[in-house]
$ cat structure.csv   # CSV, C-alpha atoms
chain,number,residue,atom,x,y,z
A,819,MET,CA,96.3,52.1,16.6
A,820,LEU,CA,100.1,52.6,16.6
A,821,ARG,CA,102.3,49.6,16.9
A,822,SER,CA,106.0,49.1,17.5
A,823,ARG,CA,108.3,48.6,14.5
A,824,ILE,CA,111.1,46.1,14.3
A,825,THR,CA,113.9,47.5,12.1
A,826,PRO,CA,117.1,45.8,10.9
A,827,PHE,CA,120.1,48.2,11.0
A,828,LEU,CA,122.7,47.4,8.3
A,829,LEU,CA,126.1,49.0,8.2
A,830,LEU,CA,127.6,49.8,4.8
A,831,ARG,CA,131.4,49.9,4.3
A,832,GLY,CA,132.3,50.3,0.7
A,833,ASN,CA,130.1,48.0,-1.3
A,834,GLY,CA,129.7,45.5,1.5
A,835,LEU,CA,127.9,45.1,4.9
A,836,VAL,CA,129.7,44.9,8.2
A,837,LYS,CA,128.7,44.5,11.8
A,838,THR,CA,130.6,46.2,14.6
A,839,GLN,CA,131.0,45.8,18.4
A,840,LYS,CA,131.1,49.0,20.3
A,841,PHE,CA,131.5,50.8,17.0
A,842,ASP,CA,134.8,48.9,16.4
A,843,ASN,CA,136.1,45.6,14.9
A,844,PRO,CA,133.9,45.5,11.8
A,845,LYS,CA,133.1,42.0,10.6
A,846,TYR,CA,132.1,41.5,7.0
A,847,VAL,CA,128.5,40.0,6.8
A,848,GLY,CA,127.6,40.1,3.1
A,849,ASP,CA,126.4,41.9,0.1
A,850,PRO,CA,123.8,44.6,0.6
A,851,ILE,CA,121.7,43.6,-2.4
A,852,ASN,CA,121.5,40.0,-1.3
A,853,ALA,CA,120.6,41.1,2.2
A,854,VAL,CA,117.8,43.3,0.9
A,855,LYS,CA,116.4,40.4,-1.1
A,856,ILE,CA,116.3,38.2,2.0
A,857,PHE,CA,114.6,40.9,4.1
A,858,ASN,CA,112.1,41.4,1.3
A,859,GLU,CA,111.1,37.7,1.7
A,860,LYS,CA,110.8,38.1,5.4
A,861,GLU,CA,108.5,41.1,5.1
A,862,VAL,CA,110.3,43.4,7.5
A,863,ASP,CA,108.7,46.5,8.8
A,864,GLU,CA,111.4,48.8,7.4
A,865,LEU,CA,115.2,48.7,6.8
A,866,THR,CA,117.9,51.2,7.9
A,867,LEU,CA,121.2,51.4,6.0
A,868,LEU,CA,124.0,53.5,7.6
A,869,ASP,CA,127.3,54.1,5.7
A,870,ILE,CA,129.8,54.2,8.6
A,871,ASP,CA,132.7,55.6,6.5
A,872,ALA,CA,131.0,58.4,4.5
A,873,THR,CA,131.2,61.2,7.1
A,874,ALA,CA,134.5,60.0,8.6
A,875,SER,CA,136.1,60.0,5.1
A,876,GLY,CA,134.5,63.3,4.1
A,877,ARG,CA,132.5,61.9,1.1
A,878,GLY,CA,128.9,61.9,0.3
A,879,PRO,CA,126.5,59.0,-0.2
A,880,ASP,CA,127.2,56.4,-2.9
A,881,MET,CA,124.2,57.3,-5.0
A,882,ALA,CA,124.7,54.4,-7.5
A,883,LEU,CA,124.6,51.8,-4.7
A,884,LEU,CA,121.7,53.5,-3.1
A,885,LYS,CA,119.8,53.4,-6.4
A,886,ASP,CA,120.5,49.7,-6.8
A,887,ILE,CA,119.3,49.0,-3.3
A,888,ALA,CA,116.1,51.0,-3.7
A,889,ALA,CA,115.3,49.2,-7.0
A,890,GLU,CA,115.5,45.9,-5.2
A,891,SER,CA,113.7,46.8,-2.0
A,892,ARG,CA,110.0,46.2,-1.3
A,893,MET,CA,110.1,47.7,2.1
A,894,PRO,CA,110.4,51.3,3.5
A,895,LEU,CA,114.1,52.4,3.6
A,896,CYS,CA,116.1,54.8,5.7
A,897,TYR,CA,119.6,55.9,4.8
A,898,GLY,CA,122.2,57.7,6.8
A,899,GLY,CA,125.9,58.7,6.1
A,900,GLY,CA,127.6,61.6,4.5
A,901,VAL,CA,124.4,63.8,4.2
A,902,LYS,CA,125.4,67.4,4.7
A,903,ASP,CA,122.6,69.4,3.0
A,904,ALA,CA,118.9,69.3,2.2
A,905,GLU,CA,119.5,68.8,-1.5
A,906,THR,CA,121.4,65.6,-0.9
A,907,ALA,CA,118.5,64.4,1.3
A,908,ALA,CA,116.1,65.2,-1.5
A,909,ARG,CA,118.1,63.2,-4.0
A,910,ILE,CA,118.0,60.2,-1.7
A,911,ILE,CA,114.2,60.5,-1.3
A,912,ALA,CA,113.8,60.7,-5.0
A,913,LEU,CA,115.6,57.4,-5.4
A,914,GLY,CA,112.8,55.8,-3.4
A,915,TYR,CA,113.9,56.1,0.2
A,916,GLU,CA,111.3,57.0,2.8
A,917,LYS,CA,113.7,58.6,5.4
A,918,VAL,CA,117.2,60.2,5.6
A,919,SER,CA,119.2,60.1,8.8
A,920,VAL,CA,121.8,62.7,9.9
A,921,SER,CA,124.1,62.5,12.9
A,922,HIS,CA,127.3,64.4,12.9
A,923,ALA,CA,126.0,67.0,10.4
A,924,ALA,CA,123.1,67.8,12.7
A,925,LEU,CA,125.5,68.2,15.7
A,926,GLU,CA,127.7,70.5,13.6
A,927,ARG,CA,124.9,72.6,12.3
A,928,PRO,CA,121.5,71.9,13.8
A,929,GLU,CA,119.7,74.2,11.3
A,930,LEU,CA,120.2,71.4,8.8
A,931,VAL,CA,117.3,69.6,10.4
A,932,ARG,CA,115.0,72.5,9.7
A,933,GLU,CA,116.2,72.8,6.2
A,934,MET,CA,115.7,69.1,5.5
A,935,ALA,CA,112.2,69.1,7.0
A,936,ALA,CA,111.3,72.1,4.7
A,937,ARG,CA,112.7,70.3,1.7
A,938,VAL,CA,111.5,66.7,2.1
A,939,GLY,CA,109.0,66.8,4.9
A,940,ARG,CA,109.3,66.3,8.6
A,941,GLN,CA,108.3,62.6,8.3
A,942,SER,CA,111.4,61.9,6.3
A,943,VAL,CA,113.9,63.5,8.6
A,944,VAL,CA,115.7,61.2,11.2
A,945,VAL,CA,118.4,62.3,13.6
A,946,THR,CA,120.6,59.6,15.0
A,947,ILE,CA,122.2,60.2,18.4
A,948,ASP,CA,125.1,58.0,19.3
A,949,VAL,CA,125.4,57.9,23.1
A,950,ARG,CA,127.9,56.4,25.5
A,951,LYS,CA,127.3,55.8,29.2
A,952,GLU,CA,130.5,56.7,31.1
A,953,GLY,CA,132.0,58.1,34.3
A,954,LEU,CA,131.6,57.2,37.9
A,955,PHE,CA,127.9,58.1,38.0
A,956,GLY,CA,127.1,56.7,34.6
A,957,SER,CA,126.3,59.9,32.8
A,958,TYR,CA,125.4,59.9,29.1
A,959,LYS,CA,127.6,61.6,26.5
A,960,VAL,CA,127.0,62.2,22.8
A,961,TYR,CA,129.6,61.1,20.3
A,962,SER,CA,129.9,61.4,16.5
A,963,ARG,CA,132.3,60.2,13.8
A,964,ASN,CA,132.0,56.5,14.7
A,965,ALA,CA,132.3,57.3,18.4
A,966,LYS,CA,135.6,59.0,18.0
A,967,GLN,CA,134.5,62.6,18.7
A,968,LYS,CA,132.9,63.6,21.9
A,969,GLN,CA,130.3,66.4,21.8
A,970,LYS,CA,129.4,69.0,24.3
A,971,VAL,CA,125.6,68.4,24.3
A,972,ASP,CA,123.2,66.5,26.5
A,973,PRO,CA,121.5,63.7,24.6
A,974,ILE,CA,118.0,64.6,26.0
A,975,ASP,CA,118.5,68.3,25.3
A,976,PHE,CA,119.7,67.5,21.8
A,977,ALA,CA,116.8,65.2,21.1
A,978,LYS,CA,114.4,67.9,22.2
A,979,ARG,CA,116.1,70.5,20.1
A,980,CYS,CA,116.1,68.4,17.0
A,981,THR,CA,112.4,67.6,17.3
A,982,ASP,CA,111.7,71.3,17.7
A,983,LEU,CA,113.7,72.0,14.5
A,984,GLY,CA,111.6,69.5,12.6
A,985,ALA,CA,113.0,65.9,13.1
A,986,GLY,CA,110.3,63.4,12.5
A,987,GLU,CA,112.1,60.6,14.3
A,988,ILE,CA,115.0,60.3,16.8
A,989,VAL,CA,117.2,57.2,16.8
A,990,LEU,CA,119.1,56.5,20.0
A,991,ASN,CA,122.2,54.4,19.4
A,992,SER,CA,124.0,52.9,22.4
A,993,ILE,CA,127.7,52.8,21.7
A,994,GLU,CA,128.8,50.5,24.6
A,995,ARG,CA,125.9,48.0,23.8
A,996,ASP,CA,126.5,48.0,20.0
A,997,GLY,CA,126.9,44.3,18.9
A,998,MET,CA,127.1,43.0,22.5
A,999,MET,CA,123.6,41.4,22.4
A,1000,GLU,CA,123.1,42.0,26.1
A,1001,GLY,CA,119.8,44.0,26.0
A,1002,TYR,CA,118.8,47.6,25.3
A,1003,ASP,CA,119.7,50.5,27.6
A,1004,LEU,CA,116.1,50.9,28.9
A,1005,ASP,CA,117.0,53.8,31.3
A,1006,LEU,CA,118.3,55.9,28.4
A,1007,ALA,CA,115.4,55.0,26.2
A,1008,ARG,CA,112.9,55.8,29.0
A,1009,ASN,CA,114.5,59.2,29.8
A,1010,VAL,CA,114.4,60.4,26.2
A,1011,ARG,CA,110.9,58.9,25.5
A,1012,GLU,CA,109.6,61.0,28.4
A,1013,ALA,CA,111.1,64.1,27.0
A,1014,ILE,CA,109.8,64.0,23.4
A,1015,THR,CA,106.6,63.1,21.6
A,1016,THR,CA,108.3,62.4,18.3
A,1017,PRO,CA,108.6,58.8,17.1
A,1018,MET,CA,111.7,57.1,18.5
A,1019,THR,CA,113.8,54.1,17.7
A,1020,VAL,CA,116.3,52.5,20.0
A,1021,VAL,CA,119.3,50.5,18.7
A,1022,GLY,CA,122.2,48.7,20.4
A,1023,GLY,CA,122.0,45.6,22.5
A,1024,ALA,CA,119.2,43.4,21.1
A,1025,GLY,CA,120.3,39.8,21.7
A,1026,SER,CA,116.9,38.0,21.8
A,1027,VAL,CA,113.3,38.3,21.0
A,1028,ASP,CA,112.7,38.8,24.7
A,1029,ASP,CA,114.8,42.0,24.5
A,1030,LEU,CA,112.5,43.3,21.8
A,1031,ARG,CA,109.5,42.3,23.8
A,1032,LEU,CA,110.8,44.0,26.9
A,1033,LEU,CA,111.5,47.3,25.1
A,1034,THR,CA,108.1,47.4,23.4
A,1035,GLU,CA,106.2,46.4,26.6
A,1036,GLU,CA,108.0,49.0,28.8
A,1037,LEU,CA,107.9,51.9,26.3
A,1038,GLY,CA,104.8,51.4,24.3
A,1039,PRO,CA,104.8,52.0,20.5
A,1040,ILE,CA,108.5,52.4,19.6
A,1041,GLY,CA,111.0,51.4,17.0
A,1042,ALA,CA,113.3,48.5,18.0
A,1043,GLY,CA,116.5,48.7,16.0
A,1044,VAL,CA,118.3,45.4,15.6
A,1045,GLY,CA,121.8,44.5,14.2
A,1046,SER,CA,123.6,41.4,15.3
A,1047,LEU,CA,120.5,39.4,16.3
A,1048,PHE,CA,119.4,39.5,12.6
A,1049,VAL,CA,122.7,38.8,11.0
A,1050,PHE,CA,124.4,36.3,13.3
A,1051,LYS,CA,123.5,32.9,14.7
A,1052,GLY,CA,125.0,31.0,17.6
A,1053,LYS,CA,128.0,31.7,19.9
A,1054,TYR,CA,130.4,31.6,17.0
A,1055,ARG,CA,128.5,34.4,15.3
A,1056,ALA,CA,128.0,32.6,12.0
A,1057,VAL,CA,126.4,34.9,9.4
A,1058,LEU,CA,122.8,34.1,8.9
A,1059,ILE,CA,120.2,36.8,8.1
A,1060,SER,CA,117.0,36.3,9.9
A,1061,TYR,CA,114.0,38.4,11.2
A,1062,ALA,CA,111.6,38.0,14.1
A,1063,ARG,CA,108.9,39.9,15.9
A,1064,PRO,CA,108.2,39.7,19.7

$ encode --input "structure.csv" --output "structure tokens"
Amino acid sequence: MLRSRITPFLLLRGNGLVKTQKFDNPKYVGDPINAVKIFNEKEVDELTLLDIDATASGRGPDMALLKDIAAESRMPLCYGGGVKDAETAARIIALGYEKVSVSHAALERPELVREMAARVGRQSVVVTIDVRKEGLFGSYKVYSRNAKQKQKVDPIDFAKRCTDLGAGEIVLNSIERDGMMEGYDLDLARNVREAITTPMTVVGGAGSVDDLRLLTEELGPIGAGVGSLFVFKGKYRAVLISYARP
């Protein structure tokens, strides 16, 4: 029987971890190796690491850092950031990662999804779609490059296209809820969930265990991505890595 997954999302910047709000104002939250050690002890379902500067700065993944993280990890890992071709994805998988995520590169050249699936297997290909709700009627728009570049695609149509091309998982990332800890965008999640059969993870907005429970109860087996809830504690947002299941 399928069950929902609770996945910490960690943002890499240089050799450190940060946490953002609405994709801005990054706050340093610690060393990635130390964070992996803590999550090992907490027996998390899986861990996602996203390098938020790689694509924006035009560089590839930091393979040395990724190797060190993989050597320490005892849990399934997903990495995203700066991956532009199937060979780079294969190198990351060879380091011990289970999945590789692409975002801007898939928007720029959707065929990359097919190429990655052929090279590393559909189950290892993740497409992350950064979405912002905007306008008078609250329409959803896709953005890339840390929410700086607006794309002319519909998020549901793009999710369907990526699954047709071979994506094994879709990650929906809510820009305006990122780091705000005010709950997931259930309307967005529901609309995409109804359009695709591929495994899906929702991230952006988790502020309590109740938010995780509501997402999983309403949408069935699904991935619940969590950032701030697992790295901050209290109203002053003191850094304290934790993990919880609903």

$ closest_residue --input "structure.csv" --among "A:Val949, A:Val920, A:Ile1040, A:Val989" --to "Ser822 of chain A" --atoms "all atoms listed in the file"
A:Ile1040

$ closest_atom_pairs --input "structure.csv" --of "segment 972-1053 of chain A" --to "segment 831-837 of chain A" --cutoff "10 Å" --atoms "all atoms listed in the file" --output "Markdown table"
| residue | atom | partner | partner_atom | distance |
| --- | --- | --- | --- | --- |
| A:Asp996 | CA | A:Lys837 | CA | 9.2 |
| A:Gly997 | CA | A:Lys837 | CA | 7.3 |
| A:Gly1045 | CA | A:Lys837 | CA | 7.3 |
| A:Ser1046 | CA | A:Lys837 | CA | 6.9 |
| A:Val1049 | CA | A:Lys837 | CA | 8.3 |
| A:Phe1050 | CA | A:Lys837 | CA | 9.4 |

$ residues_around --input "structure.csv" --residues "Glu861 of chain A" --least-positions-apart "5" --cutoff "9 Å" --atoms "only C-alpha atoms" --output "ChimeraX atom specification"
/A:856,892-893,1061

$ closest_residue --input "structure.csv" --among "A:Ala1007, A:Cys980, A:Ile910, A:Leu1033" --to "Leu925 of chain A" --atoms "only C-alpha atoms"
A:Cys980

$ atom_distance --input "structure.csv" --atom1 "atom CA of Lys951 of chain A" --atom2 "atom CA of Arg963 of chain A"
16.8 Å
